[in-house]
Structure formats: C-alpha cells, structure tokens
file my_file06.txt (compact mmCIF, C-alpha atoms)
# COMPACT_ATOMS: atom_id res chain seq x y z
CA MET A 1 -133.74 23.63 82.32
CA THR A 2 -136.07 20.90 83.56
CA PRO A 3 -139.67 21.45 82.46
CA LEU A 4 -142.03 21.40 85.43
CA ALA A 5 -145.38 19.59 85.55
CA ILE A 6 -147.17 22.93 85.59
CA PHE A 7 -145.58 24.13 82.32
CA PRO A 8 -148.26 22.80 79.91
CA TYR A 9 -150.85 24.84 81.80
CA THR A 10 -148.86 28.04 82.08
CA GLU A 11 -147.76 27.66 78.46
CA TRP A 12 -151.41 27.46 77.46
CA ILE A 13 -151.99 30.80 79.22
CA GLU A 14 -148.85 32.30 77.64
CA ARG A 15 -150.15 31.37 74.18
CA SER A 16 -153.55 32.99 74.82
CA GLY A 17 -154.53 36.21 73.13
CA LEU A 18 -154.76 38.22 76.35
CA SER A 19 -151.33 37.11 77.55
CA ARG A 20 -149.70 37.85 74.20
CA TRP A 21 -151.46 41.20 73.98
CA ILE A 22 -150.20 42.38 77.37
CA ARG A 23 -146.72 40.93 76.89
CA GLU A 24 -145.97 41.50 73.22
CA ASP A 25 -148.61 43.14 71.04
CA SER A 26 -149.44 46.26 73.02
CA LEU A 27 -146.77 48.84 73.68
CA TRP A 28 -148.70 50.41 76.55
CA ALA A 29 -150.68 47.61 78.21
CA PHE A 30 -147.81 46.31 80.34
CA PRO A 31 -146.53 49.71 81.60
CA ILE A 32 -150.08 50.91 82.36
CA ILE A 33 -150.91 47.73 84.29
CA LEU A 34 -147.64 48.11 86.22
CA ILE A 35 -148.44 51.75 87.04
CA LEU A 36 -151.92 50.82 88.26
CA HIS A 37 -150.41 48.06 90.40
CA THR A 38 -148.05 50.60 92.01
CA VAL A 39 -150.62 53.34 92.60
CA GLY A 40 -153.05 50.71 93.94
CA LEU A 41 -150.31 49.48 96.30
CA ALA A 42 -149.76 53.04 97.51
CA PHE A 43 -153.44 53.45 98.43
CA LEU A 44 -153.86 49.93 99.86
CA VAL A 45 -150.71 49.94 101.97
CA GLY A 46 -150.85 53.71 102.54
CA ALA A 47 -154.34 53.56 104.10
CA ASN A 48 -153.16 50.75 106.36
CA VAL A 49 -150.01 52.69 107.33
CA ALA A 50 -152.17 55.65 108.43
CA LEU A 51 -154.64 53.45 110.34
CA ASP A 52 -151.95 51.37 112.04
CA ALA A 53 -149.84 54.43 112.91
CA ARG A 54 -152.89 56.08 114.50
CA ILE A 55 -153.67 52.99 116.58
CA LEU A 56 -150.01 52.80 117.59
CA GLY A 57 -150.37 56.31 119.03
CA VAL A 58 -149.38 58.77 116.27
CA GLY A 59 -151.92 61.61 115.95
CA ARG A 60 -153.98 60.64 119.01
CA GLY A 61 -156.32 63.57 118.41
CA VAL A 62 -157.78 61.83 115.34
CA PRO A 63 -160.94 59.99 116.50
CA LEU A 64 -160.61 56.34 115.48
CA ALA A 65 -164.13 56.20 114.01
CA SER A 66 -163.39 59.25 111.80
CA MET A 67 -160.90 57.08 109.89
CA LEU A 68 -163.53 54.57 108.72
CA PRO A 69 -163.55 56.11 105.19
CA PHE A 70 -159.89 55.03 104.88
CA PHE A 71 -161.24 51.52 104.36
CA ARG A 72 -162.97 52.61 101.17
CA ALA A 73 -159.65 53.90 99.80
CA MET A 74 -157.99 50.71 100.98
CA TRP A 75 -160.50 48.45 99.21
CA LEU A 76 -160.33 50.56 96.06
CA GLY A 77 -156.56 50.08 96.08
CA PHE A 78 -157.03 46.39 96.76
CA TRP A 79 -159.38 45.82 93.80
CA VAL A 80 -157.21 47.85 91.43
CA ASN A 81 -154.35 45.59 92.46
CA ALA A 82 -156.35 42.38 92.32
CA VAL A 83 -157.33 43.12 88.70
CA SER A 84 -153.93 44.47 87.62
CA GLY A 85 -152.27 41.57 89.47
CA VAL A 86 -154.34 39.00 87.59
CA LEU A 87 -153.37 40.71 84.31
CA LEU A 88 -149.66 40.63 85.25
CA LEU A 89 -150.10 36.96 86.13
CA ALA A 90 -151.75 36.38 82.75
CA ALA A 91 -148.77 37.98 81.01
CA TYR A 92 -146.11 35.91 82.85
CA PRO A 93 -147.83 32.96 84.57
CA THR A 94 -144.77 30.68 84.68
CA LYS A 95 -142.63 33.39 86.23
CA ALA A 96 -145.05 33.82 89.15
CA VAL A 97 -146.31 30.32 89.88
CA THR A 98 -142.81 28.78 89.91
CA ASN A 99 -141.57 31.30 92.50
CA PRO A 100 -142.28 30.29 96.13
CA LEU A 101 -142.09 33.95 97.11
CA PHE A 102 -145.23 34.60 95.04
CA TYR A 103 -147.24 32.42 97.45
CA VAL A 104 -145.60 34.14 100.42
CA LYS A 105 -146.77 37.47 98.99
CA LEU A 106 -150.35 36.22 98.50
CA ALA A 107 -150.42 34.80 102.04
CA LEU A 108 -149.11 38.08 103.50
CA ILE A 109 -151.83 40.01 101.65
CA ALA A 110 -154.51 37.63 102.97
CA ILE A 111 -153.20 37.97 106.53
CA GLY A 112 -152.95 41.76 106.10
CA LEU A 113 -156.57 41.95 104.93
CA ALA A 114 -157.73 39.80 107.84
CA HIS A 115 -155.89 42.15 110.21
CA ALA A 116 -157.47 45.21 108.57
CA GLU A 117 -160.92 43.66 108.94
CA SER A 118 -160.27 42.96 112.65
CA ILE A 119 -159.08 46.52 113.11
CA ARG A 120 -162.24 47.85 111.48
CA ARG A 121 -164.60 45.66 113.50
CA GLU A 122 -162.87 45.51 116.85
CA VAL A 123 -161.03 48.82 117.09
CA LEU A 124 -162.59 51.48 114.86
CA ARG A 125 -166.20 50.38 115.34
CA ASN A 126 -165.80 49.54 118.99
CA PRO A 127 -168.08 51.99 120.83
CA SER A 128 -166.43 51.25 124.18
CA PHE A 129 -163.21 52.95 123.02
CA GLY A 130 -165.20 56.16 122.48
CA GLY A 131 -162.57 57.77 120.28
CA THR A 132 -159.81 57.09 122.78
CA ASP A 133 -157.01 54.58 122.37
CA GLY A 134 -157.82 50.92 122.46
CA PRO A 135 -156.13 48.51 124.83
CA GLY A 136 -152.68 47.05 124.27
CA ALA A 137 -154.22 44.29 122.17
CA SER A 138 -155.26 46.74 119.44
CA ARG A 139 -151.73 48.12 119.31
CA LEU A 140 -150.39 44.61 118.89
CA LEU A 141 -152.91 44.04 116.10
CA ALA A 142 -151.83 47.28 114.38
CA ALA A 143 -148.12 46.46 114.69
CA SER A 144 -148.66 43.00 113.27
CA ALA A 145 -150.82 44.39 110.42
CA LEU A 146 -148.15 46.95 109.54
CA ALA A 147 -145.47 44.24 109.53
CA CYS A 148 -147.62 42.13 107.16
CA TRP A 149 -148.12 44.95 104.67
CA LEU A 150 -144.47 46.02 104.62
CA ALA A 151 -143.44 42.38 104.20
CA ALA A 152 -145.98 41.95 101.37
CA VAL A 153 -144.51 44.98 99.56
CA THR A 154 -141.00 43.58 100.01
CA ALA A 155 -142.03 40.11 98.79
CA GLY A 156 -143.73 41.65 95.75
CA ARG A 157 -140.72 43.78 94.91
CA LEU A 158 -138.35 40.82 95.25
CA LEU A 159 -140.37 38.78 92.74
CA ALA A 160 -138.54 40.66 89.99
CA TYR A 161 -135.19 39.37 91.28
CA THR A 162 -135.92 35.83 92.46
CA TYR A 163 -137.75 34.02 89.65
CA SER A 164 -136.30 30.81 88.18
CA TYR A 165 -138.32 30.55 84.96
CA LEU A 166 -139.53 33.53 82.92
CA MET A 167 -141.73 31.50 80.56
CA ALA A 168 -142.55 27.83 79.93
CA TYR A 169 -140.41 26.29 77.14
CA GLU A 170 -138.75 29.61 76.54
CA GLY A 171 -137.02 29.92 73.19
CA ARG A 172 -138.77 26.92 71.63
CA MET B 1 -138.17 60.02 72.59
CA ASP B 2 -136.77 63.03 74.38
CA PHE B 3 -138.30 65.02 77.19
CA LEU B 4 -135.46 67.50 77.63
CA PRO B 5 -133.72 67.10 74.22
CA PHE B 6 -130.87 69.51 75.00
CA PHE B 7 -129.34 66.90 77.35
CA ASP B 8 -127.40 63.92 76.00
CA HIS B 9 -124.78 61.56 77.41
CA ARG B 10 -122.01 64.08 76.69
CA THR B 11 -123.73 66.68 78.90
CA PHE B 12 -123.40 64.40 81.90
CA ALA B 13 -120.17 62.53 81.08
CA SER B 14 -118.29 64.02 84.03
CA VAL B 15 -121.26 63.48 86.37
CA TYR B 16 -121.33 59.80 85.33
CA LEU B 17 -117.63 59.54 86.04
CA TRP B 18 -118.04 61.04 89.49
CA LEU B 19 -121.12 59.00 90.48
CA GLU B 20 -119.56 55.76 89.22
CA SER B 21 -116.47 56.42 91.33
CA THR B 22 -118.48 56.51 94.58
CA ARG B 23 -118.51 53.63 97.04
CA ILE B 24 -122.32 53.53 96.83
CA SER B 25 -122.07 52.85 93.10
CA TRP B 26 -119.68 49.97 93.76
CA VAL B 27 -121.99 48.47 96.39
CA MET B 28 -125.03 48.75 94.10
CA ASN B 29 -123.21 46.93 91.28
CA ASN B 30 -121.26 44.33 93.24
CA ILE B 31 -123.32 43.34 96.28
CA ARG B 32 -125.89 40.88 95.03
CA TRP B 33 -128.88 41.98 97.14
CA ALA B 34 -128.13 45.72 97.32
CA TRP B 35 -130.37 46.69 94.40
CA PRO B 36 -133.39 44.53 95.36
CA ILE B 37 -133.17 45.67 99.00
CA CYS B 38 -133.08 49.34 97.94
CA GLU B 39 -136.06 48.70 95.63
CA SER B 40 -138.02 47.22 98.53
CA ILE B 41 -137.17 50.18 100.78
CA HIS B 42 -138.14 52.54 97.93
CA PHE B 43 -141.62 50.98 97.72
CA ILE B 44 -142.08 50.96 101.50
CA GLY B 45 -141.11 54.66 101.52
CA LEU B 46 -143.64 55.35 98.78
CA SER B 47 -146.34 53.69 100.90
CA LEU B 48 -145.43 55.76 103.97
CA LEU B 49 -145.54 58.94 101.87
CA LEU B 50 -148.87 58.27 100.20
CA GLY B 51 -150.44 56.88 103.39
CA THR B 52 -149.84 60.14 105.24
CA VAL B 53 -149.22 63.03 102.83
CA GLY B 54 -151.56 61.53 100.21
CA PHE B 55 -154.38 61.04 102.71
CA PHE B 56 -153.78 64.52 104.14
CA ASP B 57 -154.31 65.79 100.56
CA LEU B 58 -157.47 63.68 100.26
CA ARG B 59 -158.75 65.14 103.54
CA LEU B 60 -158.10 68.65 102.15
CA LEU B 61 -160.17 67.62 99.12
CA GLY B 62 -163.08 66.59 101.35
CA PHE B 63 -162.41 62.88 101.97
CA ALA B 64 -162.98 61.60 105.55
CA ARG B 65 -164.26 65.00 106.63
CA ARG B 66 -164.66 64.00 110.27
CA VAL B 67 -160.86 63.83 110.61
CA PRO B 68 -159.52 66.99 112.35
CA MET B 69 -156.65 68.43 110.28
CA ALA B 70 -154.33 69.52 113.10
CA ALA B 71 -154.38 66.06 114.69
CA PHE B 72 -153.98 64.28 111.36
CA HIS B 73 -151.00 66.49 110.56
CA ARG B 74 -149.11 64.58 113.30
CA LEU B 75 -148.82 61.70 110.82
CA ILE B 76 -146.86 63.84 108.34
CA PRO B 77 -143.43 63.01 109.91
CA ILE B 78 -144.07 59.41 108.80
CA GLY B 79 -144.43 60.69 105.24
CA ILE B 80 -141.24 62.75 105.56
CA THR B 81 -139.48 59.59 106.78
CA GLY B 82 -140.75 57.81 103.66
CA PHE B 83 -139.55 60.65 101.46
CA VAL B 84 -136.07 60.57 103.02
CA MET B 85 -135.92 56.77 102.58
CA ASN B 86 -136.77 57.26 98.92
CA ALA B 87 -134.35 60.14 98.37
CA LEU B 88 -131.52 58.00 99.82
CA THR B 89 -132.39 54.81 97.92
CA GLY B 90 -133.10 56.88 94.81
CA PHE B 91 -129.59 58.30 95.02
CA CYS B 92 -128.26 54.75 95.32
CA PHE B 93 -129.96 53.78 92.03
CA LEU B 94 -128.68 56.94 90.37
CA ALA B 95 -125.13 56.29 91.57
CA GLY B 96 -125.42 52.65 90.47
CA THR B 97 -126.18 53.32 86.79
CA PRO B 98 -126.19 57.10 86.25
CA ASP B 99 -126.23 56.81 82.43
CA GLN B 100 -129.58 54.98 82.68
CA TYR B 101 -131.23 57.88 84.51
CA LEU B 102 -130.01 61.37 83.76
CA ILE B 103 -131.06 61.47 80.09
CA ASN B 104 -134.00 59.10 80.58
CA PRO B 105 -137.17 61.12 79.75
CA ALA B 106 -139.12 59.34 82.52
CA PHE B 107 -136.42 60.32 85.03
CA GLN B 108 -136.49 63.93 83.84
CA ALA B 109 -140.28 63.99 84.13
CA LYS B 110 -139.97 62.51 87.62
CA VAL B 111 -137.56 65.26 88.69
CA VAL B 112 -139.88 67.95 87.27
CA LEU B 113 -142.84 66.43 89.14
CA LEU B 114 -140.78 66.26 92.35
CA ALA B 115 -140.01 69.96 91.91
CA VAL B 116 -143.74 70.68 91.43
CA ALA B 117 -144.49 68.76 94.64
CA GLY B 118 -141.72 70.69 96.41
CA PHE B 119 -142.95 74.13 95.34
CA ASN B 120 -146.49 73.09 96.17
CA VAL B 121 -145.66 71.97 99.69
CA SER B 122 -143.71 75.21 100.29
CA ALA B 123 -146.75 77.17 99.11
CA PHE B 124 -148.88 75.17 101.54
CA TYR B 125 -146.76 75.86 104.61
CA LEU B 126 -146.17 79.50 103.66
CA THR B 127 -149.79 80.38 102.95
CA MET B 128 -152.41 77.90 104.17
CA PHE B 129 -151.00 75.78 106.99
CA ARG B 130 -152.12 78.05 109.84
CA ARG B 131 -155.66 78.20 108.53
CA VAL B 132 -155.78 74.48 107.75
CA ARG B 133 -154.70 73.64 111.31
CA ARG B 134 -157.97 75.13 112.52
CA VAL B 135 -160.09 72.96 110.21
CA GLY B 136 -161.92 70.72 112.67
CA PRO B 137 -164.15 67.66 112.29
CA GLY B 138 -166.77 68.06 109.56
CA GLU B 139 -165.28 71.33 108.30
CA GLN B 140 -164.08 72.05 104.78
CA ALA B 141 -160.61 73.39 103.99
CA PRO B 142 -160.37 76.78 102.19
CA LEU B 143 -160.43 76.66 98.37
CA PHE B 144 -156.74 77.47 97.91
CA ALA B 145 -155.80 74.70 100.36
CA ARG B 146 -157.98 72.27 98.40
CA ILE B 147 -156.20 73.27 95.19
CA ILE B 148 -152.83 72.66 96.87
CA GLY B 149 -154.08 69.28 98.07
CA GLY B 150 -155.13 68.35 94.53
CA VAL B 151 -151.81 69.44 93.04
CA SER B 152 -149.94 67.51 95.72
CA LEU B 153 -151.87 64.29 95.16
CA CYS B 154 -151.53 64.54 91.37
CA SER B 155 -147.81 65.28 91.54
CA TRP B 156 -147.07 62.32 93.86
CA ILE B 157 -149.09 59.94 91.70
CA GLY B 158 -147.22 61.44 88.73
CA VAL B 159 -143.89 60.79 90.46
CA MET B 160 -144.86 57.14 90.95
CA THR B 161 -146.02 56.86 87.33
CA ALA B 162 -142.79 58.37 85.98
CA GLY B 163 -140.82 56.10 88.32
CA ARG B 164 -142.54 53.02 86.94
CA LEU B 165 -141.89 54.20 83.37
CA LEU B 166 -138.11 54.48 83.95
CA THR B 167 -137.35 50.95 82.69
CA PHE B 168 -139.33 51.47 79.49
CA TYR B 169 -137.38 54.60 78.51
CA ARG B 170 -133.87 53.42 79.34
CA PRO B 171 -131.34 55.05 77.00
CA SER B 172 -128.41 53.22 75.44
CA PHE B 173 -125.42 52.77 77.73
CA TYR B 174 -122.82 55.49 77.64
CA ILE B 175 -119.54 54.43 76.07
CA PRO B 176 -116.82 56.93 77.00
CA PRO B 177 -114.53 58.04 74.16
CA ASN B 178 -111.35 55.93 74.71
call {"tool": "encode", "arguments": {"input": "my_file06.txt", "output": "structure tokens"}}
result
Amino acid sequence: MTPLAIFPYTEWIERSGLSRWIREDSLWAFPIILILHTVGLAFLVGANVALDARILGVGRGVPLASMLPFFRAMWLGFWVNAVSGVLLLAAYPTKAVTNPLFYVKLALIAIGLAHAESIRREVLRNPSFGGTDGPGASRLLAASALACWLAAVTAGRLLAYTYSYLMAYEGR
Amino acid sequence: MDFLPFFDHRTFASVYLWLESTRISWVMNNIRWAWPICESIHFIGLSLLLGTVGFFDLRLLGFARRVPMAAFHRLIPIGITGFVMNALTGFCFLAGTPDQYLINPAFQAKVVLLAVAGFNVSAFYLTMFRRVRRVGPGEQAPLFARIIGGVSLCSWIGVMTAGRLLTFYRPSFYIPPN
C-alpha cells in the first residue's frame, strides 16, 4: 500500500481523542451517529421526494405554498446529517477523503440543495402560479432535483463498498 | 444479547438451507455489485416511504396544517412503492446470509416494529381514513388519527434504527453439523 500525501493529516485526525472515541472507545457513539445519519437522510431526501413528486403532478390538489413547512423538515434533516456526517468523517477520515465517490456525493448534495432553494423561491413562493401547477420548467427542475437526491443516496451507500484505504498507516 | 431468546441457529437450520439454495442467494453472494446495488435501492425506498407516509403522519400530528389530507393522500402510492422496493431488497439480503438475520436481535426487533406499523396502518384505514379524507386546509385531524400518525412515525423510525443496528448485533455464522 502506497502512503498518500494526505495520510499525515488524516492520521493526525485518526489519533485525536474525538476520532478514537467514536471509533474505538465508545460502544454506542458510532451506531448512534449512523442511526442519526440515516433518519436525517430520510427527512432530508423524503421532504424533497414529496415536494418534487407534487411539482411533477402527483397530488395536484395540494397547494404548492402549503408545502413550505416541508423545507423546515428538510433543513432539520440536513443539519442532523451535516453534524453526524462530520463525526463519521472524524472517525474514518482516510476512508472518505481517499474515495473519489465521497466528493461526488458532496457535489450531488450541494446541487440538490441549490435545486431545493430554486424550487422554494421560484415555484412554491411564486404568486403567479396561484396554487396551480407551474410551467414545464418547474417540472424539469423537480425531476432534476429528485435525480440528484437519489444519486446522492446511492453514492453515499456505495461509499461502504468502494473505499481503497480504511485508515492511514493501518496496522503500524 | 438476545431479543427473542427461544430462537437459535438450530430453530432455523432448515430455513437457512432453503434460503441458501435459492437463485437470489447465489446472486447476492457471487455477483460483485448485487449487494451494494440492493443496499442503494433499500435506502432510496426508505426515502420514498418516509417522504410520503412519514409526512402524512406529520400532517396528522399538526405539521403543515394548510395541506389538505385527501389531496396529500395521493402521494401514498409512492410510499407503497418504496415499501415494496424494500421488501424485495430486504428479502435479497435475508436470502444472501440468512444466518446473519433470523436470530439477530436487531432483525427480530425490526420485524416486530414492521408488524406494529402494519397493524397500525390497518387500524387507520379501517377506522379513521374516511374521516381524515375530509380534513381540509387548516383543520386538525381527530385525536385517534393523530395517535395513529404518531405510532406510525415512531414505528418507521424504529424500523430504520433497528435496520442500522443489524451489523452491530450479527450472530456467529451457522456451522451445520457435518
């Protein structure tokens, strides 16, 4: 195994108290963080699934503006996952930063959030739609947002199967 | 740790034998990407389920009260699709390594929670659905419907929690006698 230039940095994190605590010392920290990351995902992606499905024409009787509170649930899910994600990264930094798919996942989340923000501003808060369906452009936006979120979930799930290094200087 | 201590590997030995003889089991263990792909589908299904059924429960509990219930109920087929995706991929995992699931306390808890969710949803459609359909924008669902919504949300979050705990409660592999 060739050590990468990033290893001294990730090794420094791996030797930190927080990283060791999550990874080795605590029996429950890792499972609890993982559970939070999954439930957070369900709310983050779930809220977007409902919003995007509605804009794509499912449940047309639901006024678009009435779904604005879904964004609160979405952001709650996002922040739970941002925090739990940072903790998972602290536990296994080498595993994540040496996997290209990790950056694909982060990019997909960023693009998904940008889509959600456009949907909120330009579709849900657009008074000219008056509770009716938006134009074709909003459906395209919703379809593309949905694709981003489902791809982000897939990329995240595949991280467990595609990493090349678990830890820096493992076994030394 | 045991959840249902009266079950051990011997209880399920013949079930293991049957599941391991299925073609699905072979695919899960011999096709390199089968397991990761099923995992991805399982998590997409979970998102579809929580995004529709979970938010329907939240609406029952008073969240997003301007959403009319009858119209929002049209999103439920998406949640059923997610559930079916997860039942199918879940069976694939089970067939793949049955001895890692059936006596796993997290798996047993997951099955119990799924049964709770199942009874709860039956109770909803048998007792409250017709009244809930008439709950319009700004209106509150009846108390019993709110209770059902709370039980539903808790049981699905419980199912996800138990699912995530599966790896941490994996039993030893079953070694058949000769």
call {"tool": "closest_atom_pairs", "arguments": {"input": "my_file06.txt", "of": "chain B", "to": "chain A", "cutoff": "8 Å", "atoms": "all atoms listed in the file", "output": "tab-separated table"}}
result
residue	atom	partner	partner_atom	distance
B:Pro36	CA	A:Leu158	CA	6.2
B:Glu39	CA	A:Arg157	CA	6.8
B:Ser40	CA	A:Thr154	CA	4.9
B:Ile41	CA	A:Thr154	CA	7.7
B:Phe43	CA	A:Val153	CA	6.9
B:Ile44	CA	A:Leu150	CA	6.3
B:Leu46	CA	A:Ala42	CA	6.7
B:Ser47	CA	A:Gly46	CA	4.8
B:Leu48	CA	A:Gly46	CA	6.0
B:Leu49	CA	A:Gly46	CA	7.5
B:Leu50	CA	A:Gly46	CA	5.5
B:Gly51	CA	A:Gly46	CA	3.3
B:Thr52	CA	A:Ala50	CA	6.0
B:Phe55	CA	A:Ala47	CA	7.6
B:Phe63	CA	A:Pro69	CA	7.6
B:Ala64	CA	A:Pro69	CA	5.5
B:Arg65	CA	A:Ser66	CA	7.8
B:Arg66	CA	A:Ser66	CA	5.1
B:Val67	CA	A:Ser66	CA	5.4
B:Pro68	CA	A:Val62	CA	6.2
B:Ala71	CA	A:Gly61	CA	4.9
B:Phe72	CA	A:Gly59	CA	5.7
B:His73	CA	A:Gly59	CA	7.3
B:Arg74	CA	A:Gly59	CA	4.9
B:Leu75	CA	A:Gly59	CA	6.0
B:Ile157	CA	A:Val39	CA	6.8
B:Met160	CA	A:Val39	CA	7.1
B:Thr161	CA	A:Ile35	CA	5.7
B:Arg164	CA	A:Ile35	CA	6.0
B:Leu165	CA	A:Pro31	CA	6.7
B:Phe168	CA	A:Pro31	CA	7.7
call {"tool": "closest_residue", "arguments": {"input": "my_file06.txt", "among": "B:Val15, B:Ile103, B:Val159, B:Leu113", "to": "Ser172 of chain B", "atoms": "all atoms listed in the file"}}
result
B:Ile103
call {"tool": "closest_residue", "arguments": {"input": "my_file06.txt", "among": "A:Leu76, A:Ile6, A:Leu108, A:Ile33", "to": "Ser144 of chain A", "atoms": "all atoms listed in the file"}}
result
A:Leu108
call {"tool": "closest_residue", "arguments": {"input": "my_file06.txt", "among": "B:Phe129, B:Trp156, B:Thr167, B:Leu102", "to": "Phe12 of chain B", "atoms": "all atoms listed in the file"}}
result
B:Leu102
call {"tool": "residues_around", "arguments": {"input": "my_file06.txt", "residues": "segment 122-124 of chain B", "least_positions_apart": "3", "cutoff": "9 Å", "atoms": "all atoms listed in the file", "output": "PyMOL selection string"}}
result
chain B and resi 117-119+127-129+144-145+148-149
call {"tool": "atom_distance", "arguments": {"input": "my_file06.txt", "atom1": "atom CA of Gly90 of chain B", "atom2": "atom CA of Val112 of chain B"}}
result
15.0 Å
call {"tool": "atom_distance", "arguments": {"input": "my_file06.txt", "atom1": "atom CA of Ala91 of chain A", "atom2": "atom CA of Tyr169 of chain A"}}
result
14.9 Å
call {"tool": "atom_distance", "arguments": {"input": "my_file06.txt", "atom1": "atom CA of Tyr9 of chain A", "atom2": "atom CA of Gly85 of chain A"}}
result
18.5 Å
call {"tool": "residues_around", "arguments": {"input": "my_file06.txt", "residues": "segment 110-118 of chain A", "least_positions_apart": "6", "cutoff": "7 Å", "atoms": "all atoms listed in the file", "output": "list of chain:residue names"}}
result
A:Leu141, A:Ala145, A:Cys148, A:Trp149
call {"tool": "residues_around", "arguments": {"input": "my_file06.txt", "residues": "Met167 of chain A", "least_positions_apart": "2", "cutoff": "8 Å", "atoms": "only C-alpha atoms", "output": "ChimeraX atom specification"}}
result
/A:11,14,92-95,165,169-170
call {"tool": "residues_around", "arguments": {"input": "my_file06.txt", "residues": "Phe7 of chain B", "least_positions_apart": "4", "cutoff": "12 Å", "atoms": "only C-alpha atoms", "output": "ChimeraX atom specification"}}
result
/B:2-3,11-13,99,101-105,108
